[in-house]
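Working notes, beginning with the structure itself.
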Amino acid sequence: MTHSSADDRSTVTGRRRIAFAVHTDSGRLPGLPTLLRSLALTNPGVCEDVVVLHPGLPDSSFDALRRLHPRVVTRRAGSRLDVFRLPGYDTVIALSPAMVVLGDIGELLRMRRGVGAVPQPWCDGEGREGRAVRADGLLVVQRADVDEATAARLAAADGGGWETALGGVLRPLDARYDFLSRRLHDDTPVPDHVAVLHFTGPFDEAGYGPAAGARRRFEMGDEEFRAAYCALPGEKHPDLLAHLAPPLLEARPSLDLARTVADGYRRQGRYDEAVDVLAPVVGDRLDAPRCQETLGVCLMALSRYDEAEARLLLAAASPDVAPRAFAQLARLAWLCGREEDAHAYARDGLEADPTDSGCHAWYVRTRPEGARERPEPVAAGDQLAHVALFAEGRENAGDKVLPEAVRMCFDTDTGPARWYGQPVHRLVDEAALERLNARRGVIVGGGGLFLPDTSPNGNSHWQWNVPDGVLARLTAPLAVFAVGYNVFDGQLYRRGRFAESLRVLVERSAFFGLRNHGSIERVRELLPVGLRDRVRYQPCPTTVARHLIPGWLDPVERTDTVLVNCAYDRAGLRFGHDYADFLAQLATALRGLRERADVRYAAHMPADERFVHDLRREHGLSLPVEPLYDLTNDGIRDLYRRSRLVIGMRGHAGMIPFGCGTPILSLVSHPKLAYFLSDIGREEWGLSVHDRDLGPRLLERAAAVLDDHPAAVADVHGAQEFLWETTRSNLGELRETFGRA
C-alpha cells in the first residue's frame, strides 16, 4: 500500500509547528500511556507530534505509546531543559508523566508569546509564602522568545527558581492547567474546571481518592481505549481516527464502525482503503444508506464510476439521504459526459428536497442546450482545445477570470468560435480524446491543477481526469500553460500515481510551463532526471492583464478604496490553531486603515464572507462586501483596477489586481503566494497569517503604500515587465507549435 505523506513548506508559509513534549526515564515511563489516552479522549480533535525525551531507552520501550498515537517522536535528551530548545518546532507544550488531561487545552495551543506556566503557591516552616514555577510543571514554550541568555539562566537554576530565570517572558497561566493533586487532600473532589491534573505523590496515595479516580478513568487496555475514542461524539482528528479505528474494526467488526473508519480514510484521501473497509460489510443493504453514500463517493474518487453509481442509487432510496445522493449522482454523470442523466438526477434530487443547493446547482449547469444560447458550429481544426476549470454561477471569481486570461494570450477572440472547452474534471474517454485530437492544439491551464483533492480521481491523482493510456494517444500538440503545484503546507497526498501521470504528461507535452518557480522545484522533484529540464517558467496570465487586454488604459484617478480578501477552504491547513489570533490582528490593522481609506471586503465566493461575519461578531467591526462572484470578468478587473491597494489571501486576489497595475499585499496561508512574490522579487509584500505581529506590520506596510501611491504603482508596473517578457517569449514559441488558424 502506498502511504500518504505530508507536504511541509512551513518555512514558506510561516505555519506554526507545535508539539507536546514529555521528559521521562524508565521509572516514569509507565505513566505515559495514561497521559496519552487522557489527551486523546478529552481533546479528540487535537493531533500534534508527541516528543518523548529520554536518556537513551531502547526503542522498543515506546511501542505501547505508538499503539496509542500516530505521531510519537522519540529523542534522546539530557534533561527536561531540552523542551526549551527542541529543534523543528515553534511551540512546545511540556507535560509530565505525572499528569492527566481532564479538559479542553485549546487555550494552550492558541498561545503565541512567552513561556506559559502556572506559578504554584509555596510556604515554608517559618511562615514565608510565595509562588514558584515548578521544574516539572506544565510549560507552553514559544521558542522564539527563549534566547540563549534565558536558556543559560534556566540551566543555572538547577530545577528551582524558574520564575526568576524566565523573567519577562513568563506568562502566568490559570491554575487549572497545572492543578496540583496535593490541593485535593482529605479526598477533596477534583474541581470541574481542572484541565490538567498534576500528581505530586503516588497515584494511589491515601486521602486523594477523587484525584486517583480521575486518573483511573484513563487506565484501560488498548482495545477499550480505541472503542472509547471512536464512541466520542463530535469532530475527531482524522489522523487519530485512522490510527485507532482500524485495529478496533478487526477486533469488533460492525457496520457503524466500518463507516467510521472509511470516513476517516476518506478525509485523508485514502479512498482505496475506505472502499476495502466498507464494501465487504455493506453489500447491497438498503438499511445502510449513509454507508452506501460514503462508499459511492469513495468509488467515484477512484474513477470506478459504474460501481459508484450503483452504490449511490442504493443510498438514494432513503428519503433522508436522497438529496445528497442525487447531487453526487448528477456530478458523476456529468464527469462521465452524460449531461441528460446528470440533469435527470438533479431533478430527482430536487423532487426529494426542493431546497437542496447541490441539486439546484447541477440542475442549472446541465439544463438542455436549447435553454441556453447555442454557439454557431465551427470547424474543429480552426479551434484550440482548452482544458481548464471553468467556474460558473457564484463560484470562485478567480476561476472565472483565469481561463479567459489564458485564451487572451493566444487570441483576441476568447469565445467558442476559436476555442473548444474541455472541463478539466470531466473524464477524457475515447469520445473526448477524439474531440481533442480534432483540434489544432490542446492547452491545459492555468491554475493550481496539481492538487489531489478538489475533485479527486483515480486516473491521474491531480485535477485533469485523464488516464495515462488515453493521454499517450493524444496526437494534437499539447501545452501545459501556467499551471501551479497547489498542495497546501501540511496536506497529505499520495505521490505515486500523481508522479507517474506527471511523467506521461511531460513526455507528451510540446510545452510544459508552470506559473512559479516554487511549483517548478516541486514538480521537478517528482520527475525522472531526464525530464526535469523540460519544466519551464510561465507566469499566470492574470498577472500581465494590462498587456493582454486590447485598449487597456491605466486609471487616471482611483477610488479611495482598500480591498481585503480572505479564504476559508481547508481552513485547518491555512490557519492551524491561529485563526482567533489572525482575526484579532486583522481587526487591529483594519481599524487603523479605516482612518486612511474606505476599507471594503472583496469576496471571491460566498464562503469568503465568513471573515466579515467573524470580524463583526468577535471584534465589532463591520465591512461592506463587494461580491466579486456576481460580477463579470470586466467588472472584476475594473474593481481591482480602480482600487488603491488590495490585501488578499487567495492567490488570484493578489495576481489579478497586480495584473491590473494595483499594489498588493498578500496574507500568506499557502505556499503559492510566497512563490509568486519570490518570482517578482517582492517578498516584503507578503505577511504570514501566523505572524504574531501581523496587525501592526500590515498596517505599517499598507500605510507606506498609501503614503506614496504613485511609487507603489510604478513598482508594480516594473515588476510586471519580466513576467510579460517571459510570456511573450513563450507565446512566440507556442505560435510555432500550434500554427496559425
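In the C-alpha cells, each chain is lettered A, B, ... as it comes, each chain's residues begin at 1, and ligands are numbered from 1 in order of appearance.
Excluding Ala152 of chain A itself and same-chain residues fewer than 4 positions from it, the residues having an atom within 12 Å of it are Leu81, Asp82, Phe84, Arg85, Val146, Asp147, Glu148, Ala156, Ala157, Asp158, Trp162, Ala165 and Leu166 of chain A, counting only C-alpha atoms.
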- Task: Using only C-alpha atoms, determine which residues lie at most 8 Å from segment 685-696 of chain A, disregarding the query and same-chain residues fewer than 5 positions distant; provide the list as number ranges by chain.
- Result: A: 13-16, 112, 575, 578, 581-582, 584-589, 664-669, 673-674, 677
Enumerate the residues of segment 32-160 of chain A with a DSSP assignment of strand (DSSP E or B), computed from the backbone, and present them as a JSON list (two decimals) with C-alpha atoms, in the first residue's frame.
```
[["chain", "number", "residue", "atom", "x", "y", "z"],
["A", 49, "ASP", "CA", 3.59, 15.44, 17.49],
["A", 50, "VAL", "CA", 4.26, 13.91, 20.90],
["A", 51, "VAL", "CA", 8.01, 14.15, 21.50],
["A", 52, "VAL", "CA", 9.27, 11.77, 24.16],
["A", 53, "LEU", "CA", 12.61, 12.93, 25.58],
["A", 54, "HIS", "CA", 14.57, 10.17, 27.28],
["A", 72, "VAL", "CA", 5.05, 9.73, 18.65],
["A", 73, "VAL", "CA", 8.60, 11.03, 18.14],
["A", 74, "THR", "CA", 11.43, 9.85, 20.37],
["A", 75, "ARG", "CA", 14.58, 11.88, 21.05],
["A", 76, "ARG", "CA", 17.50, 11.40, 23.37],
["A", 91, "THR", "CA", 5.60, 25.95, 20.16],
["A", 92, "VAL", "CA", 6.27, 23.19, 22.68],
["A", 93, "ILE", "CA", 3.74, 22.20, 25.34],
["A", 94, "ALA", "CA", 5.74, 20.39, 28.01],
["A", 95, "LEU", "CA", 3.83, 17.82, 30.05],
["A", 99, "MET", "CA", -0.14, 14.40, 34.63],
["A", 100, "VAL", "CA", -3.51, 13.53, 33.14],
["A", 101, "VAL", "CA", -5.54, 15.80, 30.89],
["A", 115, "VAL", "CA", 6.60, 30.86, 28.22],
["A", 116, "GLY", "CA", 3.30, 29.93, 29.82],
["A", 117, "ALA", "CA", 3.44, 28.33, 33.26],
["A", 120, "GLN", "CA", 2.46, 27.47, 42.21],
["A", 121, "PRO", "CA", 1.98, 28.64, 45.82],
["A", 122, "TRP", "CA", 4.50, 27.58, 48.45],
["A", 123, "CYS", "CA", 5.21, 28.19, 52.08],
["A", 129, "GLU", "CA", 4.96, 32.29, 51.31],
["A", 130, "GLY", "CA", 5.32, 32.89, 47.60],
["A", 131, "ARG", "CA", 4.80, 31.45, 44.14],
["A", 132, "ALA", "CA", 7.25, 29.49, 42.04],
["A", 139, "LEU", "CA", 5.03, 24.77, 30.20],
["A", 140, "VAL", "CA", 3.96, 26.37, 26.93],
["A", 141, "VAL", "CA", 7.20, 27.42, 25.26],
["A", 142, "GLN", "CA", 7.37, 29.79, 22.31]]
```
- Message: Ranking A:Cys660, A:Ala228, A:Leu41, A:Ala397 by minimum distance to Asn633 of chain A and counting only C-alpha atoms, which one comes first?
- Response: A:Ala397
What are the nearest atom pairs, with distances in Å to one decimal, for all residues of segment 533-575 of chain A that come at most 12 Å from segment 501-519 of chain A, using only C-alpha atoms, set out by chain and rising residue number as a Markdown table?
```
| residue | atom | partner | partner_atom | distance |
| --- | --- | --- | --- | --- |
| A:Asp533 | CA | A:Phe512 | CA | 9.9 |
| A:Arg534 | CA | A:Phe512 | CA | 6.6 |
| A:Val535 | CA | A:Phe512 | CA | 5.4 |
| A:Arg536 | CA | A:Gly513 | CA | 4.5 |
| A:Tyr537 | CA | A:Gly513 | CA | 5.1 |
| A:Gln538 | CA | A:Gly513 | CA | 4.8 |
| A:Pro539 | CA | A:Arg515 | CA | 4.3 |
| A:Cys540 | CA | A:Arg515 | CA | 5.3 |
| A:Pro541 | CA | A:Arg515 | CA | 8.8 |
| A:Thr542 | CA | A:Arg515 | CA | 10.6 |
| A:Thr543 | CA | A:Arg515 | CA | 10.2 |
```
Let's have the selection written as a PDB file, in the first residue's frame, with all heavy atoms.
```pdb
ATOM      1  N   ASP A 533      14.469  19.161 -17.059  1.00  0.00           N
ATOM      2  CA  ASP A 533      14.766  20.409 -17.776  1.00  0.00           C
ATOM      3  C   ASP A 533      13.632  20.842 -18.691  1.00  0.00           C
ATOM      4  O   ASP A 533      13.639  21.980 -19.191  1.00  0.00           O
ATOM      5  CB  ASP A 533      16.053  20.254 -18.595  1.00  0.00           C
ATOM      6  CG  ASP A 533      17.296  20.236 -17.707  1.00  0.00           C
ATOM      7  OD1 ASP A 533      17.176  20.646 -16.530  1.00  0.00           O
ATOM      8  OD2 ASP A 533      18.365  19.813 -18.181  1.00  0.00           O
ATOM      9  N   ARG A 534      12.649  19.963 -18.924  1.00  0.00           N
ATOM     10  CA  ARG A 534      11.533  20.341 -19.787  1.00  0.00           C
ATOM     11  C   ARG A 534      10.502  21.198 -19.045  1.00  0.00           C
ATOM     12  O   ARG A 534       9.590  21.729 -19.662  1.00  0.00           O
ATOM     13  CB  ARG A 534      10.869  19.086 -20.344  1.00  0.00           C
ATOM     14  CG  ARG A 534      11.813  18.280 -21.241  1.00  0.00           C
ATOM     15  CD  ARG A 534      11.161  17.050 -21.825  1.00  0.00           C
ATOM     16  NE  ARG A 534      10.059  17.377 -22.717  1.00  0.00           N
ATOM     17  CZ  ARG A 534       9.421  16.484 -23.463  1.00  0.00           C
ATOM     18  NH1 ARG A 534       9.792  15.212 -23.414  1.00  0.00           N
ATOM     19  NH2 ARG A 534       8.419  16.839 -24.235  1.00  0.00           N
ATOM     20  N   VAL A 535      10.647  21.312 -17.738  1.00  0.00           N
ATOM     21  CA  VAL A 535       9.722  22.121 -16.941  1.00  0.00           C
ATOM     22  C   VAL A 535      10.185  23.561 -16.993  1.00  0.00           C
ATOM     23  O   VAL A 535      11.297  23.903 -16.570  1.00  0.00           O
ATOM     24  CB  VAL A 535       9.661  21.618 -15.481  1.00  0.00           C
ATOM     25  CG1 VAL A 535       8.641  22.421 -14.688  1.00  0.00           C
ATOM     26  CG2 VAL A 535       9.312  20.133 -15.448  1.00  0.00           C
ATOM     27  N   ARG A 536       9.332  24.439 -17.501  1.00  0.00           N
ATOM     28  CA  ARG A 536       9.688  25.830 -17.775  1.00  0.00           C
ATOM     29  C   ARG A 536       8.873  26.779 -16.905  1.00  0.00           C
ATOM     30  O   ARG A 536       7.921  26.382 -16.235  1.00  0.00           O
ATOM     31  CB  ARG A 536       9.390  26.138 -19.251  1.00  0.00           C
ATOM     32  CG  ARG A 536       9.914  25.103 -20.241  1.00  0.00           C
ATOM     33  CD  ARG A 536      11.125  25.595 -20.940  1.00  0.00           C
ATOM     34  NE  ARG A 536      10.799  26.770 -21.738  1.00  0.00           N
ATOM     35  CZ  ARG A 536      10.402  26.753 -23.018  1.00  0.00           C
ATOM     36  NH1 ARG A 536      10.217  25.594 -23.633  1.00  0.00           N
ATOM     37  NH2 ARG A 536      10.179  27.863 -23.676  1.00  0.00           N
ATOM     38  N   TYR A 537       9.235  28.045 -16.970  1.00  0.00           N
ATOM     39  CA  TYR A 537       8.513  29.079 -16.238  1.00  0.00           C
ATOM     40  C   TYR A 537       7.557  29.804 -17.168  1.00  0.00           C
ATOM     41  O   TYR A 537       7.947  30.322 -18.210  1.00  0.00           O
ATOM     42  CB  TYR A 537       9.505  30.076 -15.641  1.00  0.00           C
ATOM     43  CG  TYR A 537       8.875  31.237 -14.909  1.00  0.00           C
ATOM     44  CD1 TYR A 537       7.830  31.053 -13.997  1.00  0.00           C
ATOM     45  CD2 TYR A 537       9.329  32.543 -15.105  1.00  0.00           C
ATOM     46  CE1 TYR A 537       7.267  32.112 -13.316  1.00  0.00           C
ATOM     47  CE2 TYR A 537       8.778  33.616 -14.424  1.00  0.00           C
ATOM     48  CZ  TYR A 537       7.748  33.398 -13.532  1.00  0.00           C
ATOM     49  OH  TYR A 537       7.184  34.456 -12.862  1.00  0.00           O
ATOM     50  N   GLN A 538       6.268  29.813 -16.796  1.00  0.00           N
ATOM     51  CA  GLN A 538       5.251  30.588 -17.496  1.00  0.00           C
ATOM     52  C   GLN A 538       4.345  31.230 -16.453  1.00  0.00           C
ATOM     53  O   GLN A 538       3.528  30.568 -15.833  1.00  0.00           O
ATOM     54  CB  GLN A 538       4.421  29.728 -18.438  1.00  0.00           C
ATOM     55  CG  GLN A 538       3.200  30.440 -19.025  1.00  0.00           C
ATOM     56  CD  GLN A 538       3.530  31.778 -19.657  1.00  0.00           C
ATOM     57  OE1 GLN A 538       4.396  31.857 -20.520  1.00  0.00           O
ATOM     58  NE2 GLN A 538       2.867  32.848 -19.220  1.00  0.00           N
ATOM     59  N   PRO A 539       4.483  32.539 -16.240  1.00  0.00           N
ATOM     60  CA  PRO A 539       3.672  33.209 -15.218  1.00  0.00           C
ATOM     61  C   PRO A 539       2.177  33.089 -15.510  1.00  0.00           C
ATOM     62  O   PRO A 539       1.755  32.911 -16.657  1.00  0.00           O
ATOM     63  CB  PRO A 539       4.130  34.667 -15.300  1.00  0.00           C
ATOM     64  CG  PRO A 539       5.431  34.647 -16.022  1.00  0.00           C
ATOM     65  CD  PRO A 539       5.395  33.462 -16.927  1.00  0.00           C
ATOM     66  N   CYS A 540       1.381  33.206 -14.458  1.00  0.00           N
ATOM     67  CA  CYS A 540      -0.068  33.231 -14.635  1.00  0.00           C
ATOM     68  C   CYS A 540      -0.438  34.443 -15.486  1.00  0.00           C
ATOM     69  O   CYS A 540      -0.011  35.570 -15.188  1.00  0.00           O
ATOM     70  CB  CYS A 540      -0.769  33.305 -13.280  1.00  0.00           C
ATOM     71  SG  CYS A 540      -2.568  33.380 -13.419  1.00  0.00           S
ATOM     72  N   PRO A 541      -1.217  34.260 -16.542  1.00  0.00           N
ATOM     73  CA  PRO A 541      -1.523  35.394 -17.431  1.00  0.00           C
ATOM     74  C   PRO A 541      -2.350  36.486 -16.750  1.00  0.00           C
ATOM     75  O   PRO A 541      -2.384  37.610 -17.253  1.00  0.00           O
ATOM     76  CB  PRO A 541      -2.286  34.751 -18.587  1.00  0.00           C
ATOM     77  CG  PRO A 541      -2.795  33.462 -18.060  1.00  0.00           C
ATOM     78  CD  PRO A 541      -1.789  32.998 -17.054  1.00  0.00           C
ATOM     79  N   THR A 542      -3.010  36.180 -15.632  1.00  0.00           N
ATOM     80  CA  THR A 542      -3.730  37.258 -14.933  1.00  0.00           C
ATOM     81  C   THR A 542      -2.766  38.334 -14.442  1.00  0.00           C
ATOM     82  O   THR A 542      -3.174  39.479 -14.216  1.00  0.00           O
ATOM     83  CB  THR A 542      -4.514  36.708 -13.732  1.00  0.00           C
ATOM     84  OG1 THR A 542      -3.622  36.115 -12.783  1.00  0.00           O
ATOM     85  CG2 THR A 542      -5.546  35.687 -14.169  1.00  0.00           C
ATOM     86  N   THR A 543      -1.478  37.996 -14.282  1.00  0.00           N
ATOM     87  CA  THR A 543      -0.507  38.964 -13.758  1.00  0.00           C
ATOM     88  C   THR A 543      -0.027  39.952 -14.810  1.00  0.00           C
ATOM     89  O   THR A 543       0.690  40.900 -14.480  1.00  0.00           O
ATOM     90  CB  THR A 543       0.713  38.238 -13.162  1.00  0.00           C
ATOM     91  OG1 THR A 543       1.394  37.515 -14.190  1.00  0.00           O
ATOM     92  CG2 THR A 543       0.287  37.282 -12.063  1.00  0.00           C
TER      93      THR A 543
END
```
- Task: Please provide as a PyMOL selection string all residues within 7 Å of segment 398-405 of chain A, with the sequence filter that same-chain residues fewer than 6 positions apart are discarded (counting only C-alpha atoms).
- Result: chain A and resi 388-391+414+446+541-542+604+633+652
- as a PyMOL selection string, which residues of segment 176-387 of chain A does DSSP assign to helix (DSSP H, G or I)? chain A and resi 176-177+181-184+209-216+222-230+238-251+255-267+271-282+289-301+305-316+322-335+339-352+357-365+369-371+380-382
- Query: Nearest to Pro70 of chain A among A:Val321, A:Leu36, A:Ala545, A:Ala597, with distances taken over only C-alpha atoms: which residue is it?
  - Reply: A:Leu36
- What separation in Å, quoted to one decimal, exists between atom CA of Gln268 of chain A and atom CA of Gly458 of chain A? 14.7 Å
- Query: Between A:Leu350, A:Ile520, A:Ala499, A:Ala135, which is the closest to Gly484 of chain A once you count only C-alpha atoms?
  - Reply: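 For Gly484 of chain A, the nearest of the candidates is A:Ile520.
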Quick one: residues within 9 Å of Ile549 of chain A, only C-alpha atoms, excluding same-chain residues fewer than 2 positions away - as a JSON list (two decimals) with all heavy atoms, in the first residue's frame?
```json
[["chain", "number", "residue", "atom", "x", "y", "z"],
["A", 405, "ALA", "N", -8.13, 34.78, -19.36],
["A", 405, "ALA", "CA", -6.78, 35.36, -19.45],
["A", 405, "ALA", "C", -5.85, 34.44, -20.23],
["A", 405, "ALA", "O", -5.02, 34.90, -21.02],
["A", 405, "ALA", "CB", -6.24, 35.62, -18.05],
["A", 408, "MET", "N", -6.63, 34.87, -23.89],
["A", 408, "MET", "CA", -6.16, 36.16, -24.40],
["A", 408, "MET", "C", -4.71, 36.10, -24.83],
["A", 408, "MET", "O", -4.27, 36.89, -25.68],
["A", 408, "MET", "CB", -6.32, 37.24, -23.33],
["A", 408, "MET", "CG", -7.74, 37.69, -23.10],
["A", 408, "MET", "SD", -7.79, 38.92, -21.77],
["A", 408, "MET", "CE", -9.54, 39.32, -21.76],
["A", 412, "THR", "N", -7.37, 37.24, -29.55],
["A", 412, "THR", "CA", -8.26, 38.26, -29.00],
["A", 412, "THR", "C", -9.69, 37.77, -28.90],
["A", 412, "THR", "O", -10.47, 38.29, -28.11],
["A", 412, "THR", "CB", -8.22, 39.53, -29.88],
["A", 412, "THR", "OG1", -8.53, 39.16, -31.24],
["A", 412, "THR", "CG2", -6.84, 40.17, -29.84],
["A", 545, "ALA", "N", -2.35, 41.28, -17.25],
["A", 545, "ALA", "CA", -3.60, 41.67, -17.92],
["A", 545, "ALA", "C", -3.45, 43.00, -18.64],
["A", 545, "ALA", "O", -4.03, 43.21, -19.72],
["A", 545, "ALA", "CB", -4.73, 41.76, -16.90],
["A", 546, "ARG", "N", -2.68, 43.94, -18.08],
["A", 546, "ARG", "CA", -2.51, 45.26, -18.73],
["A", 546, "ARG", "C", -1.94, 45.12, -20.13],
["A", 546, "ARG", "O", -2.19, 45.96, -21.00],
["A", 546, "ARG", "CB", -1.57, 46.13, -17.90],
["A", 546, "ARG", "CG", -2.08, 46.52, -16.54],
["A", 546, "ARG", "CD", -1.03, 47.25, -15.71],
["A", 546, "ARG", "NE", -0.52, 48.44, -16.37],
["A", 546, "ARG", "CZ", 0.73, 48.55, -16.83],
["A", 546, "ARG", "NH1", 1.59, 47.54, -16.72],
["A", 546, "ARG", "NH2", 1.13, 49.68, -17.40],
["A", 547, "HIS", "N", -1.16, 44.07, -20.36],
["A", 547, "HIS", "CA", -0.53, 43.87, -21.66],
["A", 547, "HIS", "C", -1.36, 43.00, -22.59],
["A", 547, "HIS", "O", -1.11, 42.97, -23.79],
["A", 547, "HIS", "CB", 0.85, 43.23, -21.47],
["A", 547, "HIS", "CG", 1.79, 44.06, -20.66],
["A", 547, "HIS", "ND1", 2.52, 45.11, -21.19],
["A", 547, "HIS", "CD2", 2.10, 44.01, -19.34],
["A", 547, "HIS", "CE1", 3.27, 45.66, -20.24],
["A", 547, "HIS", "NE2", 3.02, 45.02, -19.10],
["A", 551, "GLY", "N", -6.57, 47.82, -25.88],
["A", 551, "GLY", "CA", -7.07, 49.13, -25.49],
["A", 551, "GLY", "C", -7.02, 49.42, -24.00],
["A", 551, "GLY", "O", -7.68, 50.35, -23.53],
["A", 552, "TRP", "N", -6.24, 48.65, -23.28],
["A", 552, "TRP", "CA", -6.17, 48.85, -21.82],
["A", 552, "TRP", "C", -5.67, 50.26, -21.50],
["A", 552, "TRP", "O", -4.70, 50.74, -22.09],
["A", 552, "TRP", "CB", -5.23, 47.84, -21.19],
["A", 552, "TRP", "CG", -5.05, 48.06, -19.70],
["A", 552, "TRP", "CD1", -4.18, 48.92, -19.09],
["A", 552, "TRP", "CD2", -5.78, 47.42, -18.65],
["A", 552, "TRP", "NE1", -4.33, 48.85, -17.74],
["A", 552, "TRP", "CE2", -5.30, 47.95, -17.43],
["A", 552, "TRP", "CE3", -6.78, 46.47, -18.62],
["A", 552, "TRP", "CZ2", -5.79, 47.53, -16.19],
["A", 552, "TRP", "CZ3", -7.28, 46.05, -17.40],
["A", 552, "TRP", "CH2", -6.78, 46.59, -16.20]]
```
- Using only C-alpha atoms, which residues sit within 12 Å of Ala711 of chain A once same-chain residues fewer than 6 positions away are excluded, as a ChimeraX atom specification? /A:644,661-663,704-705,717-718
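The gap separating atom CA of Asn565 of chain A from atom CA of Ala602 of chain A is 5.2 Å, in Å to one decimal.
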- Item | Tyr568 of chain A surroundings by only C-alpha atoms, 8 Å radius, close-in-sequence under 3 positions cut, as a list in words | Ala571, Arg574, Ala607, Asp608 and Arg610 of chain A
